[in-house]
$ cat input-v1.cif   # mmCIF, C-alpha atoms
data_data
#
loop_
_atom_site.label_atom_id
_atom_site.label_comp_id
_atom_site.auth_asym_id
_atom_site.auth_seq_id
_atom_site.Cartn_x
_atom_site.Cartn_y
_atom_site.Cartn_z
CA MET J 283 8.84 12.63 -3.05
CA LYS J 284 10.30 11.32 0.20
CA LEU J 285 8.70 9.41 3.07
CA SER J 286 9.43 12.37 5.34
CA ASP J 287 7.32 14.57 3.05
CA PHE J 288 4.11 12.88 4.14
CA ILE J 289 4.68 10.57 7.13
CA VAL J 290 3.85 12.36 10.37
CA PRO J 291 6.61 11.44 12.89
CA ASP J 292 4.49 12.15 15.99
CA SER J 293 1.81 9.74 14.78
CA ILE J 294 4.07 6.70 14.39
CA LEU J 295 3.12 3.69 16.53
CA HIS J 296 6.08 1.41 17.21
CA ASP J 297 4.15 -1.16 19.25
CA LEU J 298 0.63 -1.52 17.92
CA GLN J 299 -1.28 -4.08 19.95
CA VAL J 300 -4.67 -4.75 18.41
CA GLY J 301 -6.84 -7.74 17.68
CA SER J 302 -8.28 -6.86 14.30
CA LYS J 303 -7.91 -4.94 11.07
CA GLU J 304 -10.55 -2.42 12.17
CA GLU J 305 -8.79 -1.80 15.49
CA ALA J 306 -5.50 -1.29 13.65
CA ILE J 307 -7.03 1.26 11.31
CA ARG J 308 -8.84 3.03 14.18
CA SER J 309 -5.64 3.25 16.23
CA MET J 310 -3.62 4.67 13.35
CA VAL J 311 -6.24 7.28 12.44
CA ALA J 312 -6.54 8.24 16.12
CA SER J 313 -2.80 8.72 16.22
CA LEU J 314 -2.94 11.05 13.23
CA LYS J 315 -5.69 12.98 15.01
CA THR J 316 -3.67 13.27 18.21
CA ALA J 317 -0.72 14.51 16.16
CA GLY J 318 -3.00 17.22 14.74
CA SER J 319 -2.73 15.98 11.15
CA ILE J 320 -6.44 15.36 10.59
CA PRO J 321 -9.41 17.31 11.98
CA ALA J 322 -10.79 15.59 15.09
CA GLU J 323 -14.37 15.85 13.83
CA GLU J 324 -13.44 13.92 10.67
CA GLU J 325 -11.86 10.96 12.45
CA GLU J 326 -14.90 8.67 12.20
CA SER J 327 -15.55 9.62 8.59
CA ILE J 328 -11.94 8.82 7.65
CA VAL J 329 -12.06 5.48 9.49
CA ASN J 330 -15.27 4.61 7.65
CA LYS J 331 -13.74 5.46 4.28
CA LEU J 332 -10.71 3.28 5.04
CA LEU J 333 -12.94 0.39 6.12
CA GLU J 334 -15.11 0.78 3.01
CA ARG J 335 -11.97 0.61 0.90
CA GLU J 336 -10.93 -2.61 2.63
CA LYS J 337 -14.26 -4.15 1.65
CA LEU J 338 -13.30 -3.72 -2.02
CA GLY J 339 -10.19 -5.80 -1.43
CA SER J 340 -7.69 -6.03 1.39
CA THR J 341 -4.70 -3.70 1.34
CA GLY J 342 -2.78 -6.48 3.09
CA ILE J 343 -0.50 -7.11 0.15
CA GLY J 344 1.43 -10.07 1.52
CA ASN J 345 4.81 -10.55 3.22
CA GLY J 346 3.48 -9.09 6.46
CA VAL J 347 2.71 -5.69 5.00
CA ALA J 348 -0.50 -3.64 4.70
CA VAL J 349 -1.04 -0.23 3.17
CA PRO J 350 -4.57 0.91 4.08
CA HIS J 351 -5.34 4.08 2.17
CA THR J 352 -8.14 6.39 1.16
CA LYS J 353 -8.88 9.77 -0.33
CA HIS J 354 -10.67 12.23 1.94
CA PRO J 355 -11.61 15.89 1.50
CA SER J 356 -10.60 16.83 5.05
CA VAL J 357 -6.89 16.78 4.22
CA ASP J 358 -5.12 19.35 2.05
CA ASP J 359 -1.99 17.29 1.57
CA LEU J 360 -0.95 13.68 1.60
CA VAL J 361 -0.61 12.49 5.22
CA ALA J 362 0.51 9.09 6.42
CA THR J 363 1.53 7.16 9.47
CA VAL J 364 3.36 3.93 10.22
CA ALA J 365 2.59 1.24 12.77
CA ILE J 366 4.48 -1.89 13.74
CA ALA J 367 2.46 -4.77 15.17
CA LYS J 368 5.03 -7.11 16.67
CA GLU J 369 2.44 -9.83 17.35
CA GLY J 370 0.88 -9.45 13.91
CA VAL J 371 -2.68 -8.54 12.92
CA GLU J 372 -5.06 -10.58 10.78
CA PHE J 373 -5.74 -8.41 7.74
CA ASP J 374 -7.32 -10.75 5.14
CA SER J 375 -4.03 -10.44 3.33
CA LEU J 376 -3.45 -11.69 -0.19
CA ASP J 377 -1.13 -14.42 1.13
CA GLY J 378 -3.33 -15.18 4.14
CA GLY J 379 -0.62 -14.25 6.63
CA PRO J 380 -0.73 -11.70 9.46
CA VAL J 381 0.48 -8.15 9.01
CA TYR J 382 3.39 -6.68 10.99
CA ILE J 383 4.13 -3.45 9.11
CA LEU J 384 1.37 -0.95 8.30
CA PHE J 385 1.56 2.26 6.33
CA LEU J 386 -1.72 4.22 6.38
CA LEU J 387 -2.18 6.92 3.78
CA ILE J 388 -4.82 9.66 3.36
CA SER J 389 -4.79 11.99 0.40
CA PRO J 390 -7.00 14.79 -0.95
CA PRO J 391 -9.51 13.52 -3.57
CA ASP J 392 -8.21 15.84 -6.28
CA ARG J 393 -4.60 14.73 -6.03
CA SER J 394 -4.54 11.30 -7.65
CA GLY J 395 -0.99 11.85 -8.86
CA ASP J 396 0.32 12.49 -5.34
CA HIS J 397 -1.65 9.52 -4.04
CA LEU J 398 0.02 7.24 -6.60
CA ARG J 399 3.44 8.77 -5.94
CA GLY J 400 2.97 8.19 -2.22
CA LEU J 401 2.05 4.56 -2.79
CA GLU J 402 4.95 4.13 -5.20
CA ASN J 403 7.36 5.62 -2.69
CA ILE J 404 6.17 3.35 0.11
CA SER J 405 6.23 0.32 -2.24
CA ARG J 406 9.80 1.02 -3.30
CA HIS J 407 11.03 0.94 0.28
CA LEU J 408 8.89 -2.04 1.28
CA ARG J 409 10.66 -4.11 -1.39
CA ASN J 410 13.85 -3.63 0.61
CA GLN J 411 14.14 -6.57 3.03
CA LYS J 412 16.56 -4.67 5.24
CA PHE J 413 14.09 -1.80 5.64
CA CYS J 414 11.27 -4.21 6.59
CA SER J 415 13.44 -6.22 8.93
CA PHE J 416 14.74 -3.13 10.76
CA LEU J 417 11.23 -1.69 11.00
CA ARG J 418 10.03 -4.83 12.77
CA GLN J 419 12.92 -4.57 15.22
CA ALA J 420 12.29 -0.91 16.09
CA ARG J 421 12.26 -0.32 19.86
CA ASN J 422 10.66 3.10 19.79
CA ARG J 423 9.28 5.85 17.58
CA GLU J 424 12.70 7.45 17.21
CA ASP J 425 14.11 4.24 15.71
CA ILE J 426 11.40 4.34 13.04
CA VAL J 427 11.90 8.03 12.30
CA GLU J 428 15.62 7.34 11.86
CA LEU J 429 14.91 4.36 9.58
CA LEU J 430 12.61 6.47 7.42
CA ARG J 431 15.35 9.08 7.16
CA GLU J 432 17.89 6.43 6.17
CA ALA J 433 15.47 5.02 3.59
CA ASP J 434 14.91 8.49 2.14
CA ASN J 435 18.68 8.88 1.81
CA ASN J 436 19.04 5.41 0.24
CA GLU J 437 21.31 4.35 3.10
CA LEU J 438 19.59 0.97 3.42
CA ASP J 439 19.98 -0.14 -0.17
CA ASP J 440 21.04 -3.76 -0.62
CA MET K 143 -4.11 -0.49 -5.66
CA ILE K 144 -7.19 -2.57 -6.47
CA PRO K 145 -6.11 -3.19 -10.09
CA CYS K 146 -2.68 -4.31 -8.83
CA SER K 147 -4.25 -6.72 -6.33
CA ARG K 148 -6.65 -8.14 -8.91
CA ILE K 149 -3.85 -8.78 -11.40
CA ALA K 150 -1.52 -10.28 -8.79
CA GLN K 151 -4.27 -12.56 -7.49
CA LEU K 152 -5.02 -13.76 -10.99
CA VAL K 153 -1.40 -14.43 -11.86
CA ARG K 154 -0.58 -16.13 -8.54
CA ASP K 155 -3.15 -18.79 -9.39
CA THR K 156 -1.16 -19.80 -12.47
CA SER K 157 2.32 -21.04 -13.21
CA CYS K 158 2.81 -18.43 -15.94
CA ASP K 159 5.40 -15.69 -15.88
CA VAL K 160 3.61 -12.41 -16.47
CA ARG K 161 5.34 -9.06 -16.82
CA ILE K 162 3.79 -5.63 -17.18
CA LEU K 163 5.91 -2.96 -18.81
CA ARG K 164 5.64 0.79 -18.70
CA ASP K 165 8.32 2.36 -20.90
CA ASP K 166 11.57 0.87 -19.57
CA GLN K 167 10.08 -0.24 -16.25
CA VAL K 168 9.20 -3.91 -15.83
CA ALA K 169 6.94 -5.31 -13.10
CA ASP K 170 6.51 -8.94 -12.09
CA ALA K 171 2.72 -9.21 -12.14
CA ARG K 172 2.73 -11.50 -9.08
CA ASN K 173 4.23 -8.72 -7.00
CA ILE K 174 1.88 -5.92 -5.96
CA LEU K 175 4.78 -3.72 -4.85
CA ASP K 176 6.31 -4.10 -8.33
CA LEU K 177 3.00 -3.18 -9.94
CA LEU K 178 2.50 -0.16 -7.69
CA MET K 179 5.90 1.12 -8.68
CA LEU K 180 4.68 1.53 -12.26
CA LYS K 181 2.59 4.50 -11.03
CA ALA K 182 0.15 3.76 -13.83
CA GLU K 183 -2.70 6.24 -13.85
CA VAL K 184 -5.82 5.88 -15.98
CA GLY K 185 -4.78 6.33 -19.61
CA THR K 186 -1.23 5.02 -19.17
CA SER K 187 -0.01 2.73 -21.96
CA LEU K 188 1.17 -0.63 -20.65
CA ILE K 189 2.46 -3.77 -22.29
CA VAL K 190 1.55 -7.14 -20.83
CA GLU K 191 3.74 -10.15 -21.60
CA SER K 192 3.06 -13.72 -20.53
CA GLU K 193 4.99 -16.95 -20.87
CA GLY K 194 4.32 -20.53 -19.92
CA GLU K 195 1.42 -22.92 -19.85
CA GLY K 196 -1.85 -21.11 -20.45
CA ALA K 197 -0.07 -17.86 -21.29
CA GLU K 198 -2.67 -16.82 -23.84
CA SER K 199 -5.51 -17.52 -21.48
CA ILE K 200 -4.00 -15.47 -18.64
CA LEU K 201 -3.33 -12.63 -21.08
CA ALA K 202 -6.98 -12.66 -22.14
CA GLN K 203 -8.09 -12.64 -18.50
CA ILE K 204 -5.87 -9.65 -17.72
CA VAL K 205 -7.19 -7.76 -20.74
CA LYS K 206 -10.72 -8.53 -19.53
CA LEU K 207 -9.89 -7.08 -16.11
CA PHE K 208 -8.87 -3.83 -17.81
CA ASP K 209 -11.97 -3.89 -20.02
CA ASP K 210 -14.16 -4.40 -16.95
CA ASP K 211 -12.43 -1.58 -15.02
CA PHE K 212 -11.25 -4.22 -12.55
CA GLU K 213 -14.86 -4.71 -11.46
CA VAL K 214 -14.58 -1.51 -9.45
CA VAL K 215 -16.05 1.76 -10.67
CA SER K 216 -13.92 3.97 -8.48
CA GLU K 217 -11.48 3.38 -5.63
CA ASN K 218 -12.70 5.84 -3.02
#
$ encode --input "input-v1.cif" --output "structure tokens"
Amino acid sequence: MKLSDFIVPDSILHDLQVGSKEEAIRSMVASLKTAGSIPAEEEESIVNKLLEREKLGSTGIGNGVAVPHTKHPSVDDLVATVAIAKEGVEFDSLDGGPVYILFLLISPPDRSGDHLRGLENISRHLRNQKFCSFLRQARNREDIVELLREADNNELDD
Amino acid sequence: MIPCSRIAQLVRDTSCDVRILRDDQVADARNILDLLMLKAEVGTSLIVESEGEGAESILAQIVKLFDDDFEVVSEN
């Protein structure tokens, strides 16, 4: 599985400017809706599921990264988007620090394996400091799409 | 991801080295990204190793997390 298999390029937000975790999640889901990757009428339901999941424990996993995720019946396949918050967002992260890189993932409820593979794939790349550093320096959506392509092709390996 | 967070939180509060192994893959239990890369679904066999002061206690606490289903019935 590659990042390009499930990240929707048109939904990527290279300059997310929000004041809270909820706003970040709302903006990213709205972007997936605008890109046509989730049904418009399910937007609120998906946001609510993501926020409910955050109440169980923050997906801000430290080192400036968050991976909000949920399972939702309105999607047939794994879909995801990326956002970069240059100013940082408070996310109740494990290390207490703000979040700069966000990957938001939605998967069908009956596809636990794909959900785990998606998370594993994202995790593998997020361990690469070069990938994270370049993501934070991205000037536009195209830069991020290119970085994802390079990551998929292992061109950023240390 | 909740199990990974719970384990990492627990281990970060100690000075122990804790590793979780799945076949030939080894994860540093402090690192959620490491743990996620194990792709451990329900039913997966894992080995937990701990070293350092209080190693046995941290091992028992991790086993309890598994026994208690990580205090979460179902993630979504």
$ closest_atom_pairs --input "input-v1.cif" --of "chain K" --to "chain J" --cutoff "9 Å" --atoms "only C-alpha atoms" --output "tab-separated table"
residue	atom	partner	partner_atom	distance
K:Met143	CA	J:Thr341	CA	7.7
K:Ile144	CA	J:Gly339	CA	6.7
K:Ser147	CA	J:Ile343	CA	7.5
K:Arg148	CA	J:Gly339	CA	8.6
K:Ala150	CA	J:Leu376	CA	8.9
K:Gln151	CA	J:Leu376	CA	7.4
K:Asn173	CA	J:Ile343	CA	8.7
K:Ile174	CA	J:Ile343	CA	6.7
K:Leu175	CA	J:Ser405	CA	5.0
K:Asp176	CA	J:Ser405	CA	7.5
K:Leu177	CA	J:Glu402	CA	8.9
K:Leu178	CA	J:Glu402	CA	5.5
K:Met179	CA	J:Glu402	CA	4.7
K:Leu180	CA	J:Glu402	CA	7.5
K:Lys181	CA	J:Leu398	CA	5.8
K:Ala182	CA	J:Leu398	CA	8.0
K:Glu183	CA	J:Gly395	CA	7.7
K:Val214	CA	J:Leu338	CA	7.9
K:Glu217	CA	J:Arg335	CA	7.1
K:Asn218	CA	J:Lys353	CA	6.1
$ residues_around --input "input-v1.cif" --residues "Phe413 (chain J)" --least-positions-apart "6" --cutoff "8 Å" --atoms "only C-alpha atoms" --output "CSV table (one decimal) with C-alpha atoms, in the coordinates of the input"
chain,number,residue,atom,x,y,z
J,407,HIS,CA,11.0,0.9,0.3
J,429,LEU,CA,14.9,4.4,9.6
J,433,ALA,CA,15.5,5.0,3.6
J,438,LEU,CA,19.6,1.0,3.4
$ atom_distance --input "input-v1.cif" --atom1 "CA of Asp392 (chain J)" --atom2 "CA of Asp170 (chain K)"
29.4 Å
$ residues_around --input "input-v1.cif" --residues "Ala317 (chain J)" --least-positions-apart "4" --cutoff "8 Å" --atoms "only C-alpha atoms" --output "list in words"
Val290, Asp292, Ser293 and Ser313 of chain J
$ closest_atom_pairs --input "input-v1.cif" --of "region 319-385 of chain J" --to "region 302-305 of chain J" --cutoff "9 Å" --atoms "all atoms listed in the file" --output "Markdown table"
| residue | atom | partner | partner_atom | distance |
| --- | --- | --- | --- | --- |
| J:Val329 | CA | J:Glu304 | CA | 8.5 |
| J:Leu333 | CA | J:Glu304 | CA | 7.1 |
| J:Val371 | CA | J:Ser302 | CA | 6.0 |
| J:Glu372 | CA | J:Ser302 | CA | 6.0 |
| J:Phe373 | CA | J:Lys303 | CA | 5.3 |
| J:Asp374 | CA | J:Lys303 | CA | 8.3 |
$ write_last_selection --input "input-v1.cif" --atoms "C-alpha atoms" --output "tab-separated table (two decimals), keeping the file's coordinate frame"
chain	number	residue	atom	x	y	z
J	329	VAL	CA	-12.06	5.48	9.49
J	333	LEU	CA	-12.94	0.39	6.12
J	371	VAL	CA	-2.68	-8.54	12.92
J	372	GLU	CA	-5.06	-10.58	10.78
J	373	PHE	CA	-5.74	-8.41	7.74
J	374	ASP	CA	-7.32	-10.75	5.14
$ atom_distance --input "input-v1.cif" --atom1 "CA of Met310 (chain J)" --atom2 "CA of Asp434 (chain J)"
22.0 Å
$ atom_distance --input "input-v1.cif" --atom1 "CA of Leu163 (chain K)" --atom2 "CA of Ile189 (chain K)"
5.0 Å
$ resolve_selection --input "input-v1.cif" --expression "the PyMOL selection byres ((chain J and resi 383) around 9)" --output "NGL selection string"
:J and (346-349 or 364-368 or 370 or 381-382 or 384-385 or 414 or 417-418)
$ closest_residue --input "input-v1.cif" --among "J:Ala362, J:Val300, J:Ile289, J:Ile388" --to "Ser327 (chain J)" --atoms "all atoms listed in the file"
J:Ile388
$ resolve_selection --input "input-v1.cif" --expression "the PyMOL selection byres ((chain J and resi 358) around 6)" --output "PyMOL selection string"
chain J and resi 357+359+390
$ decode --input "input-v1.cif" --residues "region 283-355 of chain J" --atoms "C-alpha atoms" --output "compact mmCIF listing (two decimals), in the first residue's frame"
# COMPACT_ATOMS: atom_id res chain seq x y z
CA MET J 283 0.00 0.00 0.00
CA LYS J 284 1.27 3.45 -0.94
CA LEU J 285 0.33 6.90 0.36
CA SER J 286 -0.95 7.76 -3.12
CA ASP J 287 -3.40 4.84 -2.88
CA PHE J 288 -5.49 6.63 -0.27
CA ILE J 289 -4.42 10.28 0.13
CA VAL J 290 -6.62 12.55 -1.97
CA PRO J 291 -4.30 15.13 -3.62
CA ASP J 292 -7.03 17.74 -4.16
CA SER J 293 -7.88 17.71 -0.46
CA ILE J 294 -4.38 18.50 0.83
CA LEU J 295 -4.10 21.70 2.88
CA HIS J 296 -0.59 23.15 2.82
CA ASP J 297 -1.33 26.11 5.08
CA LEU J 298 -3.89 25.16 7.70
CA GLN J 299 -4.62 28.11 9.95
CA VAL J 300 -6.87 27.09 12.81
CA GLY J 301 -7.08 27.70 16.52
CA SER J 302 -8.11 24.30 17.83
CA LYS J 303 -8.14 20.57 17.31
CA GLU J 304 -11.83 20.65 16.37
CA GLU J 305 -11.27 23.36 13.77
CA ALA J 306 -8.39 21.37 12.30
CA ILE J 307 -10.52 18.25 11.99
CA ARG J 308 -13.47 20.22 10.55
CA SER J 309 -11.25 21.90 7.96
CA MET J 310 -9.70 18.63 6.83
CA VAL J 311 -13.04 16.83 6.54
CA ALA J 312 -14.47 19.81 4.64
CA SER J 313 -11.56 19.59 2.26
CA LEU J 314 -12.26 15.92 1.60
CA LYS J 315 -15.89 16.85 0.94
CA THR J 316 -14.92 19.60 -1.50
CA ALA J 317 -12.65 17.13 -3.27
CA GLY J 318 -15.66 14.81 -3.64
CA SER J 319 -14.15 12.02 -1.54
CA ILE J 320 -16.87 11.88 1.10
CA PRO J 321 -20.62 12.47 0.68
CA ALA J 322 -21.52 16.05 1.61
CA GLU J 323 -24.45 14.91 3.75
CA GLU J 324 -22.10 12.77 5.88
CA GLU J 325 -19.63 15.54 6.69
CA GLU J 326 -21.03 16.33 10.14
CA SER J 327 -21.37 12.68 11.05
CA ILE J 328 -17.74 12.02 10.09
CA VAL J 329 -16.53 15.05 12.06
CA ASN J 330 -18.48 13.84 15.09
CA LYS J 331 -16.96 10.35 14.84
CA LEU J 332 -13.46 11.82 14.63
CA LEU J 333 -14.11 14.06 17.65
CA GLU J 334 -15.57 11.13 19.62
CA ARG J 335 -12.43 9.16 18.84
CA GLU J 336 -10.27 12.01 20.14
CA LYS J 337 -12.14 11.85 23.45
CA LEU J 338 -10.86 8.28 23.92
CA GLY J 339 -7.29 9.56 23.66
CA SER J 340 -5.59 12.15 21.50
CA THR J 341 -4.20 11.07 18.15
CA GLY J 342 -1.52 13.72 18.64
CA ILE J 343 1.28 11.20 18.97
CA GLY J 344 4.12 13.59 19.73
CA ASN J 345 6.90 15.22 17.71
CA GLY J 346 4.44 17.65 16.12
CA VAL J 347 2.38 14.96 14.44
CA ALA J 348 -1.31 13.97 14.68
CA VAL J 349 -3.16 11.21 12.89
CA PRO J 350 -6.90 11.70 13.54
CA HIS J 351 -8.76 8.70 12.21
CA THR J 352 -12.09 6.94 12.28
CA LYS J 353 -14.12 4.24 10.60
CA HIS J 354 -17.28 5.38 8.85
CA PRO J 355 -19.81 3.53 6.69
